[in-house]
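Visitor: Below is the file protein_9.cif, with mmCIF, C-alpha atoms.
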```cif
data_run
#
loop_
_atom_site.group_PDB
_atom_site.id
_atom_site.type_symbol
_atom_site.label_atom_id
_atom_site.label_comp_id
_atom_site.auth_asym_id
_atom_site.auth_seq_id
_atom_site.Cartn_x
_atom_site.Cartn_y
_atom_site.Cartn_z
ATOM 1 C CA MET A 1 96.455 57.918 151.472
ATOM 2 C CA VAL A 2 98.903 60.796 150.973
ATOM 3 C CA SER A 3 101.246 58.530 149.035
ATOM 4 C CA ALA A 4 98.390 57.379 146.806
ATOM 5 C CA LEU A 5 97.328 60.954 146.096
ATOM 6 C CA LEU A 6 100.876 62.038 145.336
ATOM 7 C CA GLY A 7 101.324 59.043 143.056
ATOM 8 C CA PHE A 8 98.070 59.839 141.292
ATOM 9 C CA MET A 9 99.139 63.456 140.778
ATOM 10 C CA ALA A 10 102.506 62.330 139.413
ATOM 11 C CA VAL A 11 100.925 59.919 136.961
ATOM 12 C CA SER A 12 98.341 62.463 135.826
ATOM 13 C CA GLY A 13 101.106 65.041 135.429
ATOM 14 C CA VAL A 14 103.149 62.755 133.200
ATOM 15 C CA MET A 15 100.058 61.795 131.182
ATOM 16 C CA GLY A 16 99.143 65.474 130.729
ATOM 17 C CA TRP A 17 102.675 66.340 129.664
ATOM 18 C CA LEU A 18 102.789 63.506 127.135
ATOM 19 C CA ASN A 19 99.338 64.495 125.863
ATOM 20 C CA ILE A 20 100.594 67.773 124.372
ATOM 21 C CA ARG A 21 103.966 66.480 123.164
ATOM 22 C CA ASP A 22 104.938 65.244 119.695
ATOM 23 C CA LEU A 23 102.314 67.345 117.950
ATOM 24 C CA SER A 24 103.114 68.945 114.603
ATOM 25 C CA LEU A 25 101.162 72.106 113.764
ATOM 26 C CA ALA A 26 100.888 73.969 110.453
ATOM 27 C CA VAL A 27 98.815 77.011 109.567
ATOM 28 C CA ARG A 28 97.675 78.249 106.167
ATOM 29 C CA PHE A 29 96.207 81.683 105.612
ATOM 30 C CA ALA A 30 93.823 82.923 102.948
ATOM 31 C CA ASP A 31 95.262 84.661 99.876
ATOM 32 C CA GLU A 32 93.194 87.801 100.494
ATOM 33 C CA ILE A 33 93.664 89.356 103.943
ATOM 34 C CA TYR A 34 92.981 92.973 104.879
ATOM 35 C CA ASP A 35 94.303 95.062 107.744
ATOM 36 C CA GLY A 36 91.962 94.935 110.722
ATOM 37 C CA GLN A 37 89.396 92.660 109.068
ATOM 38 C CA GLU A 38 88.643 89.190 110.379
ATOM 39 C CA THR A 39 89.554 86.286 108.154
ATOM 40 C CA PHE A 40 89.965 82.538 108.628
ATOM 41 C CA ALA A 41 93.068 80.409 108.861
ATOM 42 C CA SER A 42 93.308 76.671 108.286
ATOM 43 C CA LEU A 43 95.071 74.766 111.089
ATOM 44 C CA ARG A 44 96.523 71.285 110.667
ATOM 45 C CA VAL A 45 97.401 69.155 113.700
ATOM 46 C CA GLU A 46 99.350 65.916 113.347
ATOM 47 C CA ASN A 47 99.823 63.553 116.274
ATOM 48 C CA ARG A 48 103.201 61.917 115.756
ATOM 49 C CA LYS A 49 103.030 59.713 118.810
ATOM 50 C CA ARG A 50 103.133 56.007 118.018
ATOM 51 C CA VAL A 51 101.040 54.665 120.894
ATOM 52 C CA MET A 52 99.113 57.519 122.494
ATOM 53 C CA THR A 53 96.071 59.534 121.420
ATOM 54 C CA SER A 54 95.936 63.226 122.360
ATOM 55 C CA PHE A 55 92.752 64.418 124.046
ATOM 56 C CA LEU A 56 91.038 67.729 124.760
ATOM 57 C CA LEU A 57 93.461 69.930 122.852
ATOM 58 C CA ARG A 58 92.923 73.670 122.599
ATOM 59 C CA ILE A 59 95.087 75.650 120.190
ATOM 60 C CA GLU A 60 95.078 79.428 120.510
ATOM 61 C CA ILE A 61 96.406 81.927 117.965
ATOM 62 C CA GLY A 62 96.124 85.650 118.521
ATOM 63 C CA GLY A 63 93.276 85.443 121.011
ATOM 64 C CA ALA A 64 91.188 82.992 118.942
ATOM 65 C CA TRP A 65 91.143 79.281 119.593
ATOM 66 C CA ILE A 66 89.946 75.969 118.237
ATOM 67 C CA ASP A 67 89.307 72.746 120.166
ATOM 68 C CA PHE A 68 90.212 69.235 119.075
ATOM 69 C CA PRO A 69 88.472 66.673 121.322
ATOM 70 C CA MET A 70 90.720 63.876 120.094
ATOM 71 C CA VAL A 71 93.631 63.442 117.701
ATOM 72 C CA GLY A 72 94.460 59.784 117.234
ATOM 73 C CA ARG A 73 97.985 58.453 117.146
ATOM 74 C CA ARG A 74 99.670 59.045 113.792
ATOM 75 C CA THR A 75 96.598 60.824 112.462
ATOM 76 C CA VAL A 76 95.891 64.349 111.228
ATOM 77 C CA GLU A 77 93.015 66.668 112.110
ATOM 78 C CA THR A 78 92.206 70.032 110.533
ATOM 79 C CA GLY A 79 90.043 72.982 111.458
ATOM 80 C CA VAL A 80 89.579 76.690 110.884
ATOM 81 C CA LEU A 81 89.738 79.596 113.283
ATOM 82 C CA PRO A 82 89.227 83.353 112.913
ATOM 83 C CA VAL A 83 92.295 85.593 112.878
ATOM 84 C CA THR A 84 92.742 89.352 112.576
ATOM 85 C CA PHE A 85 95.987 91.048 111.562
ATOM 86 C CA ARG A 86 96.868 94.607 112.481
ATOM 87 C CA GLY A 87 98.957 96.595 110.048
ATOM 88 C CA ARG A 88 99.571 96.022 106.357
ATOM 89 C CA GLY A 89 102.597 94.253 104.901
ATOM 90 C CA GLU A 90 104.225 90.848 105.025
ATOM 91 C CA LYS A 91 103.624 88.743 108.116
ATOM 92 C CA ARG A 92 105.953 85.877 108.910
ATOM 93 C CA GLY A 93 105.186 83.336 111.572
ATOM 94 C CA VAL A 94 102.694 83.282 114.408
ATOM 95 C CA SER A 95 102.856 81.933 117.935
ATOM 96 C CA ALA A 96 100.362 79.265 118.945
ATOM 97 C CA VAL A 97 99.612 77.988 122.434
ATOM 98 C CA VAL A 98 98.707 74.314 122.799
ATOM 99 C CA SER A 99 96.903 73.506 126.039
ATOM 100 C CA SER A 100 94.860 70.679 127.544
ATOM 101 C CA PRO A 101 93.202 69.835 130.897
ATOM 102 C CA PHE A 102 93.722 66.101 130.246
ATOM 103 C CA PRO A 103 93.500 63.748 132.090
ATOM 104 C CA ILE A 104 91.405 65.002 135.047
ATOM 105 C CA ASN A 105 91.129 68.782 134.603
ATOM 106 C CA PHE A 106 93.153 69.299 137.781
ATOM 107 C CA PHE A 107 95.908 71.179 135.950
ATOM 108 C CA VAL A 108 95.847 72.813 132.504
ATOM 109 C CA ARG A 109 99.172 72.205 130.821
ATOM 110 C CA SER A 110 100.320 74.292 127.892
ATOM 111 C CA ARG A 111 103.266 75.030 125.673
ATOM 112 C CA SER A 112 104.031 77.579 122.942
ATOM 113 C CA VAL A 113 104.699 76.557 119.349
ATOM 114 C CA TYR A 114 106.068 78.793 116.613
ATOM 115 C CA LEU A 115 104.251 78.337 113.299
ATOM 116 C CA ASP A 116 106.113 79.323 110.153
ATOM 117 C CA GLY A 117 103.166 80.750 108.239
ATOM 118 C CA ARG A 118 103.539 83.595 105.733
ATOM 119 C CA CYS A 119 100.929 85.961 104.396
ATOM 120 C CA ILE A 120 100.507 89.432 102.908
ATOM 121 C CA VAL A 121 98.102 91.788 104.665
ATOM 122 C CA PHE A 122 96.550 94.297 102.270
ATOM 123 C CA PRO A 123 95.577 97.865 103.200
ATOM 124 C CA ARG A 124 92.034 98.090 104.484
ATOM 125 C CA PRO A 125 89.909 99.447 101.590
ATOM 126 C CA ALA A 126 88.374 102.851 102.299
ATOM 127 C CA PRO A 127 85.964 104.548 99.845
ATOM 128 C CA CYS A 128 87.402 107.659 98.258
ATOM 129 C CA GLU A 129 86.707 109.945 95.350
ATOM 130 C CA GLY A 130 88.696 110.131 92.184
ATOM 131 C CA GLY A 131 91.586 107.965 91.199
ATOM 132 C CA PRO A 132 94.035 109.216 88.590
ATOM 133 C CA ALA A 133 93.127 107.833 85.166
ATOM 134 C CA SER A 134 94.984 108.223 81.895
ATOM 135 C CA PRO A 135 92.651 109.933 79.412
ATOM 136 C CA GLY A 136 93.502 109.670 75.787
ATOM 137 C CA ARG A 137 96.006 106.866 76.187
ATOM 138 C CA ARG A 138 95.431 103.205 75.426
ATOM 139 C CA TRP A 139 97.200 100.682 77.628
ATOM 140 C CA ARG A 140 97.955 97.070 77.117
ATOM 141 C CA GLY A 141 95.094 95.258 78.742
ATOM 142 C CA GLU A 142 92.359 97.485 77.370
ATOM 143 C CA ARG A 143 89.765 95.316 75.693
ATOM 144 C CA ARG A 144 86.164 95.076 74.680
ATOM 145 C CA SER A 145 83.586 93.116 76.574
ATOM 146 C CA LEU A 146 82.212 89.964 75.003
ATOM 147 C CA GLN A 147 78.713 90.792 76.165
ATOM 148 C CA ARG A 148 76.120 92.009 73.684
ATOM 149 C CA GLY A 149 75.671 95.736 73.350
ATOM 150 C CA PHE A 150 74.527 98.404 70.917
ATOM 151 C CA GLU A 151 77.643 100.528 70.428
ATOM 152 C CA GLY A 152 80.599 98.165 70.055
ATOM 153 C CA GLU A 153 82.027 96.339 67.085
ATOM 154 C CA VAL A 154 80.075 93.883 64.939
ATOM 155 C CA GLU A 155 80.467 90.411 66.410
ATOM 156 C CA LYS A 156 78.061 88.396 64.228
ATOM 157 C CA ILE A 157 74.841 88.474 62.216
ATOM 158 C CA ALA A 158 71.792 86.916 63.828
ATOM 159 C CA GLY A 159 68.046 86.689 63.372
ATOM 160 C CA TYR A 160 65.795 89.537 64.461
ATOM 161 C CA THR A 161 64.068 88.838 67.789
ATOM 162 C CA GLY A 162 61.978 91.972 68.032
ATOM 163 C CA THR A 163 64.039 93.564 70.829
ATOM 164 C CA GLU A 164 66.867 95.060 68.769
ATOM 165 C CA PRO A 165 66.796 98.714 67.606
ATOM 166 C CA LEU A 166 65.899 99.199 63.952
ATOM 167 C CA LYS A 167 69.305 100.749 63.295
ATOM 168 C CA LEU A 168 70.883 97.327 63.833
ATOM 169 C CA ILE A 169 68.890 95.645 61.039
ATOM 170 C CA HIS A 170 71.122 94.562 58.170
ATOM 171 C CA TRP A 171 68.753 95.409 55.299
ATOM 172 C CA ARG A 172 70.832 93.954 52.482
ATOM 173 C CA LEU A 173 71.217 90.536 54.122
ATOM 174 C CA SER A 174 67.581 90.642 55.200
ATOM 175 C CA ALA A 175 66.496 91.093 51.578
ATOM 176 C CA ARG A 176 68.794 88.296 50.443
ATOM 177 C CA HIS A 177 67.524 85.769 53.021
ATOM 178 C CA GLY A 178 63.907 86.786 53.055
ATOM 179 C CA ASP A 179 63.776 87.495 56.823
ATOM 180 C CA LEU A 180 65.174 90.185 59.063
ATOM 181 C CA LYS A 181 68.833 89.954 60.096
ATOM 182 C CA VAL A 182 70.462 92.128 62.724
ATOM 183 C CA LYS A 183 74.021 93.007 63.638
ATOM 184 C CA GLU A 184 75.065 91.856 67.107
ATOM 185 C CA LEU A 185 77.586 94.239 68.632
ATOM 186 C CA THR A 186 79.914 93.864 71.573
ATOM 187 C CA SER A 187 79.534 96.286 74.426
ATOM 188 C CA SER A 188 82.478 98.535 75.183
ATOM 189 C CA ALA A 189 84.289 97.710 78.365
ATOM 190 C CA ALA A 190 85.250 100.493 80.745
ATOM 191 C CA ASP A 191 88.385 102.444 79.900
ATOM 192 C CA PRO A 192 91.502 101.285 81.743
ATOM 193 C CA LEU A 193 92.293 103.011 85.027
ATOM 194 C CA MET A 194 95.882 103.787 85.978
ATOM 195 C CA ILE A 195 96.342 104.410 89.700
ATOM 196 C CA ASP A 196 99.351 106.512 90.674
ATOM 197 C CA ILE A 197 100.143 105.998 94.364
ATOM 198 C CA SER A 198 101.744 109.447 94.616
ATOM 199 C CA ARG A 199 98.486 111.092 93.502
ATOM 200 C CA LEU A 200 96.037 109.205 95.682
ATOM 201 C CA PRO A 201 94.012 111.345 98.120
ATOM 202 C CA GLY A 202 94.526 111.026 101.854
ATOM 203 C CA ARG A 203 96.011 112.805 104.832
ATOM 204 C CA SER A 204 98.622 110.072 105.243
ATOM 205 C CA ILE A 205 100.224 107.342 103.180
ATOM 206 C CA GLU A 206 98.054 104.764 104.935
ATOM 207 C CA GLU A 207 94.862 106.593 103.933
ATOM 208 C CA ALA A 208 96.160 106.902 100.375
ATOM 209 C CA LEU A 209 96.918 103.182 100.170
ATOM 210 C CA SER A 210 93.484 102.345 101.599
ATOM 211 C CA CYS A 211 91.983 104.482 98.852
ATOM 212 C CA GLY A 212 94.117 102.654 96.287
ATOM 213 C CA ALA A 213 92.965 99.250 97.553
ATOM 214 C CA TRP A 214 89.344 100.384 97.280
ATOM 215 C CA LEU A 215 89.834 101.646 93.717
ATOM 216 C CA VAL A 216 91.547 98.394 92.677
ATOM 217 C CA ASN A 217 88.756 96.222 94.084
ATOM 218 C CA ARG A 218 85.964 98.399 92.731
ATOM 219 C CA GLY A 219 87.439 98.621 89.256
ATOM 220 C CA ILE A 220 88.408 95.006 88.659
ATOM 221 C CA ARG A 221 85.242 93.609 90.224
ATOM 222 C CA ALA A 222 83.375 95.777 87.713
ATOM 223 C CA ASN A 223 85.459 94.212 84.903
ATOM 224 C CA GLN A 224 87.492 97.393 84.414
ATOM 225 C CA PRO A 225 91.199 96.936 83.619
ATOM 226 C CA VAL A 226 93.271 98.555 86.359
ATOM 227 C CA GLY A 227 96.981 99.326 86.373
ATOM 228 C CA LEU A 228 99.322 100.796 88.965
ATOM 229 C CA ILE A 229 102.191 103.265 89.110
ATOM 230 C CA ALA A 230 104.392 102.920 92.190
ATOM 231 C CA GLY A 231 107.463 105.102 91.808
ATOM 232 C CA GLU A 232 109.399 103.696 88.868
ATOM 233 C CA THR A 233 107.286 100.538 88.774
ATOM 234 C CA LEU A 234 104.492 100.455 86.211
ATOM 235 C CA ILE A 235 102.024 97.581 86.051
ATOM 236 C CA ALA A 236 99.861 97.527 82.923
ATOM 237 C CA PRO A 237 96.077 97.292 83.295
ATOM 238 C CA ALA A 238 94.291 93.962 83.467
ATOM 239 C CA ALA A 239 91.074 92.739 85.052
ATOM 240 C CA SER A 240 91.690 89.231 86.422
ATOM 241 C CA ARG A 241 91.612 88.171 90.067
ATOM 242 C CA PRO A 242 95.335 87.222 90.127
ATOM 243 C CA HIS A 243 96.099 90.678 88.731
ATOM 244 C CA ARG A 244 93.953 92.269 91.454
ATOM 245 C CA LEU A 245 95.871 90.383 94.160
ATOM 246 C CA LYS A 246 99.139 91.450 92.537
ATOM 247 C CA LEU A 247 98.154 95.121 92.703
ATOM 248 C CA LEU A 248 97.005 94.776 96.306
ATOM 249 C CA THR A 249 100.341 93.147 97.172
ATOM 250 C CA VAL A 250 102.230 96.116 95.719
ATOM 251 C CA LEU A 251 100.091 98.456 97.813
ATOM 252 C CA ALA A 252 100.631 96.310 100.922
ATOM 253 C CA LEU A 253 104.421 96.326 100.567
ATOM 254 C CA HIS A 254 104.767 99.948 99.439
ATOM 255 C CA GLY A 255 107.420 101.751 101.450
ATOM 256 C CA SER A 256 108.364 98.674 103.494
ATOM 257 C CA HIS A 257 111.769 98.119 101.881
#
```
I'd like the structure from this file rewritten - as structure tokens, please.
Guide:
Amino acid sequence: MVSALLGFMAVSGVMGWLNIRDLSLAVRFADEIYDGQETFASLRVENRKRVMTSFLLRIEIGGAWIDFPMVGRRTVETGVLPVTFRGRGEKRGVSAVVSSPFPINFFVRSRSVYLDGRCIVFPRPAPCEGGPASPGRRWRGERRSLQRGFEGEVEKIAGYTGTEPLKLIHWRLSARHGDLKVKELTSSAADPLMIDISRLPGRSIEEALSCGAWLVNRGIRANQPVGLIAGETLIAPAASRPHRLKLLTVLALHGSH
């Protein structure tokens, strides 16, 4: 009986060890991650074993985990798990723990795997007042909105709908065509905002950068061109999402080199 039990434990031990071997893991982070705020990472698990399926896998990263009931031989499974980074800047690599109670939940076997994932953690946005602008100066990136308005430039002539102010009626064309014509104007977009890191409010550089991140997000999400001055680096205003991520990256890496 003792020999049978010892043999069973040996076999289960070998099976459990093989169950968590020959697994390839890869992690991919979101392109917008903030200090101290929960986000989600995509985890890819590939079973490279030729003849054996892996069962009851649990993969833990930074206190969060995801379970994979089964990963077939030479197959790939994916999932997402929540992660939270502390501290702004560039993050390289994370440690993952692969564990499993297979085959009989008598022992839980585990091993650590280093994942070569890279991401930039942005300063956590914090509402603040102000934000150094550049009055009286026009920057590359300043533009007019394509939406209709009543104070911009003439975009086209259109028929009168009854909602336009009388001042927009083009009387000469109206007389020529026999019906009322109005001038459609573009609305003026917000003036560009230049953010100078050295002039941002805050009791510390981290508070100042959090203010800067908040100003960048607020401005560009409101379709306002935003630029940045970081020492001798000047980034001209623009209002696209890639530009917003570029500015946040500069803030995240400020002072780290």
Visitor: I'd like to see the residues matched by the PyMOL selection byres ((chain A and resi 97-101) around 6) on this file, and ideally I'd get them as a list in words.
Guide: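 Those residues are Leu56, Leu57, Arg58, Ile59, Glu60, Ala96, Phe102, Asn105, Phe107, Val108, Arg109, Ser110, Arg111 and Ser112 of chain A.
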Visitor: Take the PyMOL selection byres ((chain A and resi 24-34) around 6), apply it to the structure above, and return the hits as a list in words.
Guide: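 Selected by the PyMOL selection byres ((chain A and resi 24-34) around 6) in this file: Leu23, Asp35, Gln37, Ala41, Ser42, Leu43, Arg44, Val45, Glu46, Gly117, Val121, Phe122, Pro123 and Arg124 of chain A.
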Visitor: List, as a PDB file with C-alpha atoms, in the frame of the given file, every residue that the PyMOL selection byres ((chain A and resi 52) around 12) selects in the file provided.
Guide:
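Below is the file that was written, selection-v2.pdb:
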```
ATOM      1  CA  MET A  15     100.058  61.795 131.182  1.00  0.00           C
ATOM      2  CA  GLY A  16      99.143  65.474 130.729  1.00  0.00           C
ATOM      3  CA  TRP A  17     102.675  66.340 129.664  1.00  0.00           C
ATOM      4  CA  LEU A  18     102.789  63.506 127.135  1.00  0.00           C
ATOM      5  CA  ASN A  19      99.338  64.495 125.863  1.00  0.00           C
ATOM      6  CA  ILE A  20     100.594  67.773 124.372  1.00  0.00           C
ATOM      7  CA  ARG A  21     103.966  66.480 123.164  1.00  0.00           C
ATOM      8  CA  ASP A  22     104.938  65.244 119.695  1.00  0.00           C
ATOM      9  CA  LEU A  23     102.314  67.345 117.950  1.00  0.00           C
ATOM     10  CA  ASN A  47      99.823  63.553 116.274  1.00  0.00           C
ATOM     11  CA  ARG A  48     103.201  61.917 115.756  1.00  0.00           C
ATOM     12  CA  LYS A  49     103.030  59.713 118.810  1.00  0.00           C
ATOM     13  CA  ARG A  50     103.133  56.007 118.018  1.00  0.00           C
ATOM     14  CA  VAL A  51     101.040  54.665 120.894  1.00  0.00           C
ATOM     15  CA  THR A  53      96.071  59.534 121.420  1.00  0.00           C
ATOM     16  CA  SER A  54      95.936  63.226 122.360  1.00  0.00           C
ATOM     17  CA  PHE A  55      92.752  64.418 124.046  1.00  0.00           C
ATOM     18  CA  MET A  70      90.720  63.876 120.094  1.00  0.00           C
ATOM     19  CA  VAL A  71      93.631  63.442 117.701  1.00  0.00           C
ATOM     20  CA  GLY A  72      94.460  59.784 117.234  1.00  0.00           C
ATOM     21  CA  ARG A  73      97.985  58.453 117.146  1.00  0.00           C
ATOM     22  CA  ARG A  74      99.670  59.045 113.792  1.00  0.00           C
ATOM     23  CA  THR A  75      96.598  60.824 112.462  1.00  0.00           C
TER      24      THR A  75
END
```
Visitor: Considering all atoms listed in the file, can you say which of A:Asp191, A:Gly93, A:Arg88, A:Gly202 comes closest to Leu253 (chain A)?
Guide: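 Of all the options, A:Arg88 lies closest to Leu253 (chain A).
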Visitor: From the list A:Ala252, A:Ile66, A:Val94, A:Ile229, which residue is nearest Val80 (chain A) when using only C-alpha atoms?
Guide: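 Among the listed residues, the smallest separation from Val80 (chain A) belongs to A:Ile66.
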Visitor: Using CA of Ala222 (chain A) and CA of Ala239 (chain A) as the two end points, give the distance in Å to one decimal.
Guide: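 Distance between the two atoms: 8.7 Å.
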Visitor: Pick out the residues sitting within 12 Å of Trp214 (chain A), and hand them over as a VMD selection string; count only C-alpha atoms, and ignore anything fewer than 2 positions along from it in its own chain.
Guide: chain A and resid 34 122 to 131 195 200 to 201 207 to 212 216 to 221 226 244 247 to 248 251
Visitor: Closest to Ile120 (chain A) among A:Lys181, A:Arg92, A:His243, A:Arg203, using all atoms listed in the file?
Guide: A:Arg92
Visitor: Using 4 Å of padding on each side, determine the axis-aligned box around all atoms of region 225-241 of chain A present in the file and give its centre and edge lengths in Å to one decimal, as AutoDock Vina command-line options.
Guide:
```
--center_x 100.2 --center_y 96.6 --center_z 87.6 --size_x 26.3 --size_y 24.9 --size_z 17.3
```
